[in-house]
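A quick write-up on the structure given underneath.
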Amino acid sequence: MNNQEAHSDQLIVIPRSQHSISRKSISDAALKVLYRLSNSGHRACLVGGGVRDLLLGVQPKDFDVATDATPEEIRALFKNSRIIGRRFRLVHIRFGRDIIEVATFRAHAEDSARTELDTHGRILRDNTFGDIEEDAIRRDFTVNALYYDIHDFSMLDYAGGLQDIEKRQLRLIGDPTTRYQEDPVRMLRALRFAAKLDFSIEASAADAIHECGRLLAVIPPARMFDEVVKLFHSGNARRVFELLREFNLLRYLVPALDEWLQDDPSELMLDFIDQALANTDTRVNTGQPVSPGFIFAVLLWPVVWHEACEIQSDRQRMIPALAQVGETVMKRQVRHISIPRRFSQMARDIWTSQPRFHRTQGKQAQRLLEFPVFRAAYDFMCIQAMVGLSPYKLSRWWTDYQADQPDQGERPAEEQTEKARRPRRRRRKRSAD
Ligand code: ATP
Ligand code: MG
């Protein structure tokens, strides 16, 4: 790795009196973990997004702890813990709904004969323990490599992260191309953090994305699913989508949509995607449930609609066309992102529900209302109406119709996702179409 400049001669220690992180803003669970490790003679620090977000005055999503205790030593200290992960072995310590992730300090890939790389230079497994400095420089961005040491409440900056927080920029530690080769997902992380924090991506890290984007094709589809959900459920999906287009990465995530976008796309459909992502952002930011099924329904809708119209010109008979096209489009999509079946099914049900919203006579409306995905399909239809893809009076009609239902109120989408999920619960392995 080309990151000599990031070695410890640059270590900056900021004493408690000179930084803004107070124990009051750290969760009780994280403090408990830090103190127990420390009282047992181990080094224990808060690291990663928790430290970064606290410095920025943002509420951290979770707290990550780094320590010199091995996973087995951590496990022995906490009854409520379990060792997870293969690529990286970590310990999860559970406190009610909170999980604190504890990682043992690790050395960088290249320093170890035990690190497995694939032919593209990608790290497959890396469980070599190291010291805190080695741990810092194997992290992705400088702003993610800041440590808050519970021993004296000081902050440790091994990679220039504080300066980059000031500059509001994401800078990779070391040579960007090498770091993306080791783990191409770092490109998606760059976009996610840029959107979430409203940071810029430092020039060399940004340039290397154009060069390395194609490496995303080697990421296992199951990991892609996790990362894509993080991107679109970050609360900044709209911005993420813009960045994916700007950096030409959409083609590795949803190639069918990317092709459609190259092909003179309709403004209305673009508005639809924009509004649907804005809707998801609002839901995430106000604590309402969201589902990956809805996201994939949105991202693939222009393609599905376009192809369905090509095989069926009669708008009265769109349901079977959407079912057929939905299935083939989804089959192509899951080669890139392994979408668990309950979500791909939800997306397909949302699509085939759309023509049914036009049938407001007799029992048909009541039947649609009882569909497991009704709530998500209704939101989808309303967004189409909002941008002019569907008649506005239809969304009005359905809103009034629901309000008139005895006891019908609005069932939360989560409940409906649960319903759709239930029959598959017993399957242990994630299955994709
Ligand atoms: P958030 O939790 O807000 O999404 P985070 O920065 O905490 O952001 P995590 O995925 O929780 O992200 O990872 C915790 C830390 O582990 C990161 O801050 C970073 O230091 C390190 N890390 C995570 N993924 C990678 C990666 N792919 N390559 C290098 N370091 C990583
Ligand atoms: Mg985190």
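Residues in the structure tokens are numbered from 1 in each chain, the chains being A, B, ... in the order shown, and ligands are numbered from 1 in the order shown.
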Residues up to 8 Å from ligand 2, counting only C-alpha atoms and all ligand atoms: could you list those as a PyMOL selection string? chain A and resi 48-50+60-64
Mind checking which residues fall within 12 Å of Pro320 of chain A, counting only C-alpha atoms, ignoring those fewer than 5 positions away in the same chain, and posting them as a PyMOL selection string? chain A and resi 308-309+311-312+314-315+325-327+348-349+351-356
Emit the selected residues as a PDB file, in the first residue's frame, including N, CA and C atoms.
```
ATOM      1  N   ALA A 308     -43.305  -3.753 -21.030  1.00  0.00           N
ATOM      2  CA  ALA A 308     -44.687  -4.256 -20.997  1.00  0.00           C
ATOM      3  C   ALA A 308     -45.508  -3.572 -22.099  1.00  0.00           C
ATOM      4  N   CYS A 309     -45.263  -2.289 -22.308  1.00  0.00           N
ATOM      5  CA  CYS A 309     -46.010  -1.578 -23.362  1.00  0.00           C
ATOM      6  C   CYS A 309     -45.624  -2.100 -24.740  1.00  0.00           C
ATOM      7  N   ILE A 311     -44.947  -5.221 -25.492  1.00  0.00           N
ATOM      8  CA  ILE A 311     -45.593  -6.503 -25.828  1.00  0.00           C
ATOM      9  C   ILE A 311     -47.124  -6.418 -25.746  1.00  0.00           C
ATOM     10  N   GLN A 312     -47.634  -5.345 -25.169  1.00  0.00           N
ATOM     11  CA  GLN A 312     -49.093  -5.248 -25.034  1.00  0.00           C
ATOM     12  C   GLN A 312     -49.541  -3.793 -25.249  1.00  0.00           C
ATOM     13  N   ASP A 314     -52.716  -2.896 -25.648  1.00  0.00           N
ATOM     14  CA  ASP A 314     -54.027  -2.684 -25.047  1.00  0.00           C
ATOM     15  C   ASP A 314     -53.879  -2.439 -23.535  1.00  0.00           C
ATOM     16  N   ARG A 315     -54.117  -1.216 -23.120  1.00  0.00           N
ATOM     17  CA  ARG A 315     -53.898  -0.844 -21.715  1.00  0.00           C
ATOM     18  C   ARG A 315     -54.819  -1.602 -20.747  1.00  0.00           C
ATOM     19  N   VAL A 325     -43.153  -9.512 -17.911  1.00  0.00           N
ATOM     20  CA  VAL A 325     -41.951  -8.686 -18.030  1.00  0.00           C
ATOM     21  C   VAL A 325     -41.271  -8.545 -16.662  1.00  0.00           C
ATOM     22  N   GLY A 326     -42.096  -8.375 -15.631  1.00  0.00           N
ATOM     23  CA  GLY A 326     -41.557  -8.231 -14.271  1.00  0.00           C
ATOM     24  C   GLY A 326     -40.668  -9.407 -13.913  1.00  0.00           C
ATOM     25  N   GLU A 327     -41.104 -10.580 -14.299  1.00  0.00           N
ATOM     26  CA  GLU A 327     -40.338 -11.775 -13.969  1.00  0.00           C
ATOM     27  C   GLU A 327     -38.990 -11.790 -14.712  1.00  0.00           C
ATOM     28  N   ARG A 348     -42.570  -7.101  -7.759  1.00  0.00           N
ATOM     29  CA  ARG A 348     -43.423  -7.586  -8.856  1.00  0.00           C
ATOM     30  C   ARG A 348     -44.897  -7.365  -8.540  1.00  0.00           C
ATOM     31  N   ASP A 349     -45.269  -7.546  -7.275  1.00  0.00           N
ATOM     32  CA  ASP A 349     -46.669  -7.312  -6.895  1.00  0.00           C
ATOM     33  C   ASP A 349     -47.035  -5.823  -6.994  1.00  0.00           C
ATOM     34  N   TRP A 351     -45.815  -3.791  -9.144  1.00  0.00           N
ATOM     35  CA  TRP A 351     -45.991  -3.505 -10.586  1.00  0.00           C
ATOM     36  C   TRP A 351     -47.355  -3.995 -11.086  1.00  0.00           C
ATOM     37  N   THR A 352     -47.671  -5.258 -10.781  1.00  0.00           N
ATOM     38  CA  THR A 352     -48.926  -5.791 -11.342  1.00  0.00           C
ATOM     39  C   THR A 352     -50.145  -5.159 -10.674  1.00  0.00           C
ATOM     40  N   SER A 353     -49.954  -4.526  -9.514  1.00  0.00           N
ATOM     41  CA  SER A 353     -51.088  -3.853  -8.870  1.00  0.00           C
ATOM     42  C   SER A 353     -51.462  -2.558  -9.580  1.00  0.00           C
ATOM     43  N   GLN A 354     -50.514  -1.956 -10.283  1.00  0.00           N
ATOM     44  CA  GLN A 354     -50.767  -0.609 -10.811  1.00  0.00           C
ATOM     45  C   GLN A 354     -52.013  -0.515 -11.707  1.00  0.00           C
ATOM     46  N   PRO A 355     -52.200  -1.430 -12.673  1.00  0.00           N
ATOM     47  CA  PRO A 355     -53.424  -1.306 -13.494  1.00  0.00           C
ATOM     48  C   PRO A 355     -54.683  -1.524 -12.660  1.00  0.00           C
ATOM     49  N   ARG A 356     -54.572  -2.271 -11.581  1.00  0.00           N
ATOM     50  CA  ARG A 356     -55.763  -2.560 -10.759  1.00  0.00           C
ATOM     51  C   ARG A 356     -56.309  -1.300 -10.081  1.00  0.00           C
TER      52      ARG A 356
END
```
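Counting from atom CA of Ile100 of chain A, the distance to atom CA of Ile14 of chain A is 24.6 Å.
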Just list as a ChimeraX atom specification whatever in segment 10-201 of chain A DSSP marks as strand (DSSP E). /A:12-14,44-47,64-67,81-84,90-95,98-104,116-117,123-125,146-149,154-157,169-170,200-201
Name all residues at most 9 Å from Glu133 of chain A (count only C-alpha atoms; drop same-chain ones fewer than 3 positions away) and give them as a JSON list (two decimals) with N, CA and C atoms, in the first residue's frame.
```
[["chain", "number", "residue", "atom", "x", "y", "z"],
["A", 7, "HIS", "N", 1.78, 7.24, 8.13],
["A", 7, "HIS", "CA", 2.32, 6.55, 9.30],
["A", 7, "HIS", "C", 2.36, 7.42, 10.55],
["A", 8, "SER", "N", 2.71, 6.77, 11.68],
["A", 8, "SER", "CA", 2.41, 7.39, 12.96],
["A", 8, "SER", "C", 3.26, 8.62, 13.28],
["A", 11, "LEU", "N", 1.01, 11.09, 13.92],
["A", 11, "LEU", "CA", -0.04, 10.94, 14.93],
["A", 11, "LEU", "C", -0.31, 12.27, 15.64],
["A", 105, "PHE", "N", -7.98, -4.82, 16.82],
["A", 105, "PHE", "CA", -7.06, -4.07, 15.94],
["A", 105, "PHE", "C", -6.47, -5.02, 14.91],
["A", 107, "ALA", "N", -4.01, -5.59, 11.26],
["A", 107, "ALA", "CA", -2.96, -5.03, 10.41],
["A", 107, "ALA", "C", -3.46, -4.96, 8.98],
["A", 130, "GLY", "N", -3.23, -6.58, 14.62],
["A", 130, "GLY", "CA", -2.11, -5.64, 14.57],
["A", 130, "GLY", "C", -2.22, -4.66, 15.71],
["A", 136, "ALA", "N", -5.49, 1.74, 12.15],
["A", 136, "ALA", "CA", -5.98, 3.02, 11.61],
["A", 136, "ALA", "C", -5.77, 3.09, 10.10],
["A", 137, "ILE", "N", -4.60, 2.69, 9.64],
["A", 137, "ILE", "CA", -4.31, 2.92, 8.23],
["A", 137, "ILE", "C", -4.90, 1.86, 7.30],
["A", 138, "ARG", "N", -5.49, 0.80, 7.86],
["A", 138, "ARG", "CA", -6.17, -0.14, 6.95],
["A", 138, "ARG", "C", -7.64, 0.23, 6.80],
["A", 158, "TYR", "N", -4.44, 9.31, 13.27],
["A", 158, "TYR", "CA", -3.25, 8.74, 12.62],
["A", 158, "TYR", "C", -3.17, 9.07, 11.14]]
```
Any idea what's packed within 10 Å of segment 290-293 of chain A, counting only C-alpha atoms, ignoring anything in its chain fewer than 2 positions away? Could you give it as a PyMOL selection string? chain A and resi 225-226+228-230+232-233+279-281+283-284+287-288+295-298+339-350+373+376+412-414+417
Output N, CA, C and O atoms of each residue in that selection to a file, as a compact mmCIF listing (two decimals), in the first residue's frame.
```txt
# COMPACT_ATOMS: atom_id res chain seq x y z
N PHE A 225 -26.29 -6.49 -2.43
CA PHE A 225 -27.63 -6.20 -1.91
C PHE A 225 -27.50 -5.37 -0.62
O PHE A 225 -28.14 -4.33 -0.48
N ASP A 226 -26.66 -5.83 0.30
CA ASP A 226 -26.51 -5.10 1.57
C ASP A 226 -26.09 -3.65 1.34
O ASP A 226 -26.62 -2.72 1.94
N VAL A 228 -26.36 -1.82 -1.42
CA VAL A 228 -27.34 -1.02 -2.17
C VAL A 228 -28.49 -0.61 -1.24
O VAL A 228 -28.97 0.53 -1.30
N VAL A 229 -28.88 -1.49 -0.34
CA VAL A 229 -29.92 -1.11 0.62
C VAL A 229 -29.39 0.01 1.52
O VAL A 229 -30.10 0.99 1.79
N LYS A 230 -28.14 -0.09 1.95
CA LYS A 230 -27.58 1.00 2.77
C LYS A 230 -27.60 2.32 2.00
O LYS A 230 -27.89 3.37 2.55
N PHE A 232 -29.66 3.26 -0.47
CA PHE A 232 -31.00 3.82 -0.73
C PHE A 232 -31.83 4.00 0.53
O PHE A 232 -32.85 4.67 0.49
N HIS A 233 -31.39 3.41 1.63
CA HIS A 233 -32.09 3.65 2.89
C HIS A 233 -31.26 4.55 3.81
O HIS A 233 -31.43 4.53 5.02
N ASN A 279 -39.58 10.45 -1.38
CA ASN A 279 -40.56 9.88 -0.47
C ASN A 279 -39.87 8.90 0.51
O ASN A 279 -40.12 8.93 1.72
N THR A 280 -38.98 8.07 -0.03
CA THR A 280 -38.23 7.14 0.83
C THR A 280 -37.37 7.91 1.83
O THR A 280 -37.31 7.57 3.01
N ASP A 281 -36.73 8.96 1.36
CA ASP A 281 -35.90 9.77 2.27
C ASP A 281 -36.74 10.33 3.41
O ASP A 281 -36.32 10.30 4.57
N ARG A 283 -39.51 9.14 4.61
CA ARG A 283 -39.89 8.04 5.50
C ARG A 283 -38.73 7.66 6.42
O ARG A 283 -38.91 7.50 7.62
N VAL A 284 -37.53 7.53 5.84
CA VAL A 284 -36.37 7.16 6.67
C VAL A 284 -36.12 8.25 7.72
O VAL A 284 -35.92 7.96 8.90
N GLY A 287 -38.56 8.18 10.58
CA GLY A 287 -38.69 6.91 11.32
C GLY A 287 -39.82 6.00 10.84
O GLY A 287 -40.23 5.11 11.56
N GLN A 288 -40.32 6.21 9.61
CA GLN A 288 -41.36 5.30 9.10
C GLN A 288 -40.71 4.10 8.41
O GLN A 288 -39.60 4.22 7.89
N ILE A 295 -37.88 0.00 -3.21
CA ILE A 295 -36.75 0.61 -3.93
C ILE A 295 -36.54 -0.06 -5.28
O ILE A 295 -36.41 0.61 -6.32
N PHE A 296 -36.52 -1.40 -5.29
CA PHE A 296 -36.29 -2.09 -6.57
C PHE A 296 -37.49 -1.91 -7.50
O PHE A 296 -37.31 -1.84 -8.72
N ALA A 297 -38.68 -1.82 -6.93
CA ALA A 297 -39.86 -1.56 -7.78
C ALA A 297 -39.69 -0.21 -8.48
O ALA A 297 -39.98 -0.07 -9.67
N VAL A 298 -39.19 0.77 -7.75
CA VAL A 298 -39.02 2.11 -8.32
C VAL A 298 -37.92 2.10 -9.39
O VAL A 298 -38.12 2.59 -10.51
N ILE A 339 -31.37 -10.19 -4.61
CA ILE A 339 -32.51 -9.61 -3.88
C ILE A 339 -33.29 -10.77 -3.26
O ILE A 339 -33.77 -11.63 -3.99
N PRO A 340 -33.38 -10.82 -1.95
CA PRO A 340 -34.15 -11.91 -1.34
C PRO A 340 -35.55 -11.97 -1.94
O PRO A 340 -36.15 -10.94 -2.27
N ARG A 341 -36.04 -13.18 -2.06
CA ARG A 341 -37.27 -13.38 -2.82
C ARG A 341 -38.46 -12.57 -2.29
O ARG A 341 -39.29 -12.10 -3.06
N ARG A 342 -38.52 -12.39 -0.98
CA ARG A 342 -39.68 -11.65 -0.47
C ARG A 342 -39.70 -10.21 -1.00
O ARG A 342 -40.76 -9.62 -1.19
N PHE A 343 -38.51 -9.66 -1.27
CA PHE A 343 -38.46 -8.29 -1.79
C PHE A 343 -38.70 -8.25 -3.30
O PHE A 343 -39.35 -7.34 -3.81
N SER A 344 -38.14 -9.24 -4.02
CA SER A 344 -38.37 -9.22 -5.47
C SER A 344 -39.84 -9.49 -5.75
O SER A 344 -40.45 -8.90 -6.64
N GLN A 345 -40.45 -10.34 -4.92
CA GLN A 345 -41.88 -10.61 -5.09
C GLN A 345 -42.70 -9.35 -4.79
O GLN A 345 -43.65 -9.03 -5.49
N MET A 346 -42.27 -8.63 -3.77
CA MET A 346 -42.99 -7.40 -3.43
C MET A 346 -42.93 -6.41 -4.60
O MET A 346 -43.95 -5.81 -4.98
N ALA A 347 -41.75 -6.28 -5.20
CA ALA A 347 -41.62 -5.36 -6.35
C ALA A 347 -42.55 -5.80 -7.47
O ALA A 347 -43.27 -4.98 -8.06
N ARG A 348 -42.57 -7.10 -7.76
CA ARG A 348 -43.42 -7.59 -8.86
C ARG A 348 -44.90 -7.36 -8.54
O ARG A 348 -45.69 -7.03 -9.42
N ASP A 349 -45.27 -7.55 -7.28
CA ASP A 349 -46.67 -7.31 -6.89
C ASP A 349 -47.03 -5.82 -6.99
O ASP A 349 -48.15 -5.47 -7.37
N ILE A 350 -46.10 -4.98 -6.65
CA ILE A 350 -46.36 -3.53 -6.79
C ILE A 350 -46.62 -3.21 -8.26
O ILE A 350 -47.56 -2.49 -8.60
N VAL A 373 -49.46 -6.15 -0.38
CA VAL A 373 -48.58 -5.00 -0.67
C VAL A 373 -49.38 -3.73 -0.95
O VAL A 373 -48.84 -2.77 -1.50
N ALA A 376 -47.78 -0.18 -0.05
CA ALA A 376 -46.64 0.23 -0.87
C ALA A 376 -47.10 0.51 -2.31
O ALA A 376 -46.65 1.47 -2.95
N PRO A 412 -49.65 0.21 8.39
CA PRO A 412 -48.27 0.56 8.08
C PRO A 412 -47.66 -0.41 7.08
O PRO A 412 -47.96 -1.59 7.08
N ALA A 413 -46.80 0.14 6.21
CA ALA A 413 -46.17 -0.69 5.19
C ALA A 413 -45.41 -1.85 5.82
O ALA A 413 -45.33 -2.92 5.28
N GLU A 414 -44.87 -1.61 7.03
CA GLU A 414 -44.06 -2.63 7.69
C GLU A 414 -44.89 -3.89 7.92
O GLU A 414 -44.45 -5.00 7.65
N THR A 417 -45.17 -5.65 4.80
CA THR A 417 -43.93 -6.32 4.41
C THR A 417 -43.84 -7.59 5.22
O THR A 417 -43.48 -8.65 4.73
```
What gap, in Å, lies between atom CA of Trp260 of chain A and atom CA of Trp301 of chain A? 10.5 Å
So that I can see what lies close to Leu250 of chain A, please list as JSON, numbers by chain the residues with an atom at most 10 Å from it, counting only C-alpha atoms and leaving out residues fewer than 5 positions away in the same chain. {"A": [213, 241, 242, 243, 244, 245, 255, 256, 257, 258, 259, 261]}
Store the residues of this selection in a file with N, CA and C atoms, as an mmCIF file, in the first residue's frame.
```cif
data_model
loop_
_atom_site.group_PDB
_atom_site.id
_atom_site.type_symbol
_atom_site.label_atom_id
_atom_site.label_comp_id
_atom_site.auth_asym_id
_atom_site.auth_seq_id
_atom_site.Cartn_x
_atom_site.Cartn_y
_atom_site.Cartn_z
ATOM 1 N N GLY A 213 -14.520 1.624 -11.370
ATOM 2 C CA GLY A 213 -15.934 1.274 -11.248
ATOM 3 C C GLY A 213 -16.243 -0.154 -11.654
ATOM 4 N N PHE A 241 -28.529 8.727 -5.741
ATOM 5 C CA PHE A 241 -28.864 8.397 -7.124
ATOM 6 C C PHE A 241 -28.142 9.337 -8.102
ATOM 7 N N GLU A 242 -28.125 10.621 -7.760
ATOM 8 C CA GLU A 242 -27.402 11.599 -8.593
ATOM 9 C C GLU A 242 -25.925 11.238 -8.686
ATOM 10 N N LEU A 243 -25.363 10.876 -7.522
ATOM 11 C CA LEU A 243 -23.932 10.557 -7.504
ATOM 12 C C LEU A 243 -23.633 9.271 -8.275
ATOM 13 N N LEU A 244 -24.522 8.286 -8.151
ATOM 14 C CA LEU A 244 -24.313 7.032 -8.899
ATOM 15 C C LEU A 244 -24.275 7.322 -10.396
ATOM 16 N N ARG A 245 -25.114 8.250 -10.832
ATOM 17 C CA ARG A 245 -25.139 8.603 -12.261
ATOM 18 C C ARG A 245 -23.887 9.399 -12.620
ATOM 19 N N PRO A 255 -28.169 -2.365 -14.188
ATOM 20 C CA PRO A 255 -27.786 -2.107 -15.576
ATOM 21 C C PRO A 255 -28.966 -1.799 -16.498
ATOM 22 N N ALA A 256 -30.108 -2.428 -16.247
ATOM 23 C CA ALA A 256 -31.256 -2.194 -17.134
ATOM 24 C C ALA A 256 -31.699 -0.734 -17.047
ATOM 25 N N LEU A 257 -31.689 -0.181 -15.846
ATOM 26 C CA LEU A 257 -32.072 1.217 -15.690
ATOM 27 C C LEU A 257 -31.031 2.121 -16.348
ATOM 28 N N ASP A 258 -29.773 1.760 -16.180
ATOM 29 C CA ASP A 258 -28.715 2.565 -16.785
ATOM 30 C C ASP A 258 -28.883 2.625 -18.305
ATOM 31 N N GLU A 259 -29.177 1.479 -18.909
ATOM 32 C CA GLU A 259 -29.395 1.456 -20.362
ATOM 33 C C GLU A 259 -30.582 2.327 -20.747
ATOM 34 N N LEU A 261 -31.655 4.858 -19.191
ATOM 35 C CA LEU A 261 -31.282 6.263 -19.033
ATOM 36 C C LEU A 261 -30.441 6.765 -20.212
#
```
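Pairwise distance (atom CA of Phe141 of chain A, atom CA of Leu170 of chain A) equals 6.1 Å.
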Using only C-alpha atoms and all ligand atoms, find the one residue out of A:Arg16, A:Arg122, A:Arg186, A:Lys79 that sits nearest to ligand 1.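 Of the candidates, the smallest distance to ligand 1 is held by A:Arg186.
Shortest atom-to-atom contact with ligand 1 among A:Ser234, A:Asp118, A:Ser200, A:His151: A:Ser234, counting only C-alpha atoms and all ligand atoms.
Using only C-alpha atoms, the shortest contact distance between Asp264 of chain A and any of A:Ile26, A:Pro302, A:Tyr148, A:Asn285 is found at A:Pro302.
Among the candidate residues A:Gln402, A:Ser390, A:Ser313, A:Thr178, the one lying nearest to ligand 1 is A:Thr178, with distances computed using only C-alpha atoms and all ligand atoms.
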Using only C-alpha atoms: which of A:Tyr252, A:Phe357, A:Tyr378, A:Phe371 has the shortest distance to Val334 of chain A: A:Tyr252
Mind checking DSSP for segment 200-386 of chain A and telling me the helix (DSSP H, G or I) residues as a count of residues only? 145
Selection near Ile99 of chain A, 10 Å with only C-alpha atoms, sequence-local residues under 2 positions removed, as a VMD selection string: chain A and resid 29 to 30 62 to 64 80 to 81 91 to 97 101 to 102
Would you please work out which residue, of A:Ser338, A:Ser40, A:Thr104, A:Gln10, is nearest to ligand 1 when using only C-alpha atoms and all ligand atoms?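 For ligand 1, the nearest of the given residues is A:Thr104.
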Would you mind listing what lies within 12 Å of Trp397 of chain A as a PyMOL selection string, with only C-alpha atoms counted and same-chain residues fewer than 2 positions away left out? chain A and resi 357-361+365+378+381-382+385+391-395+399-404
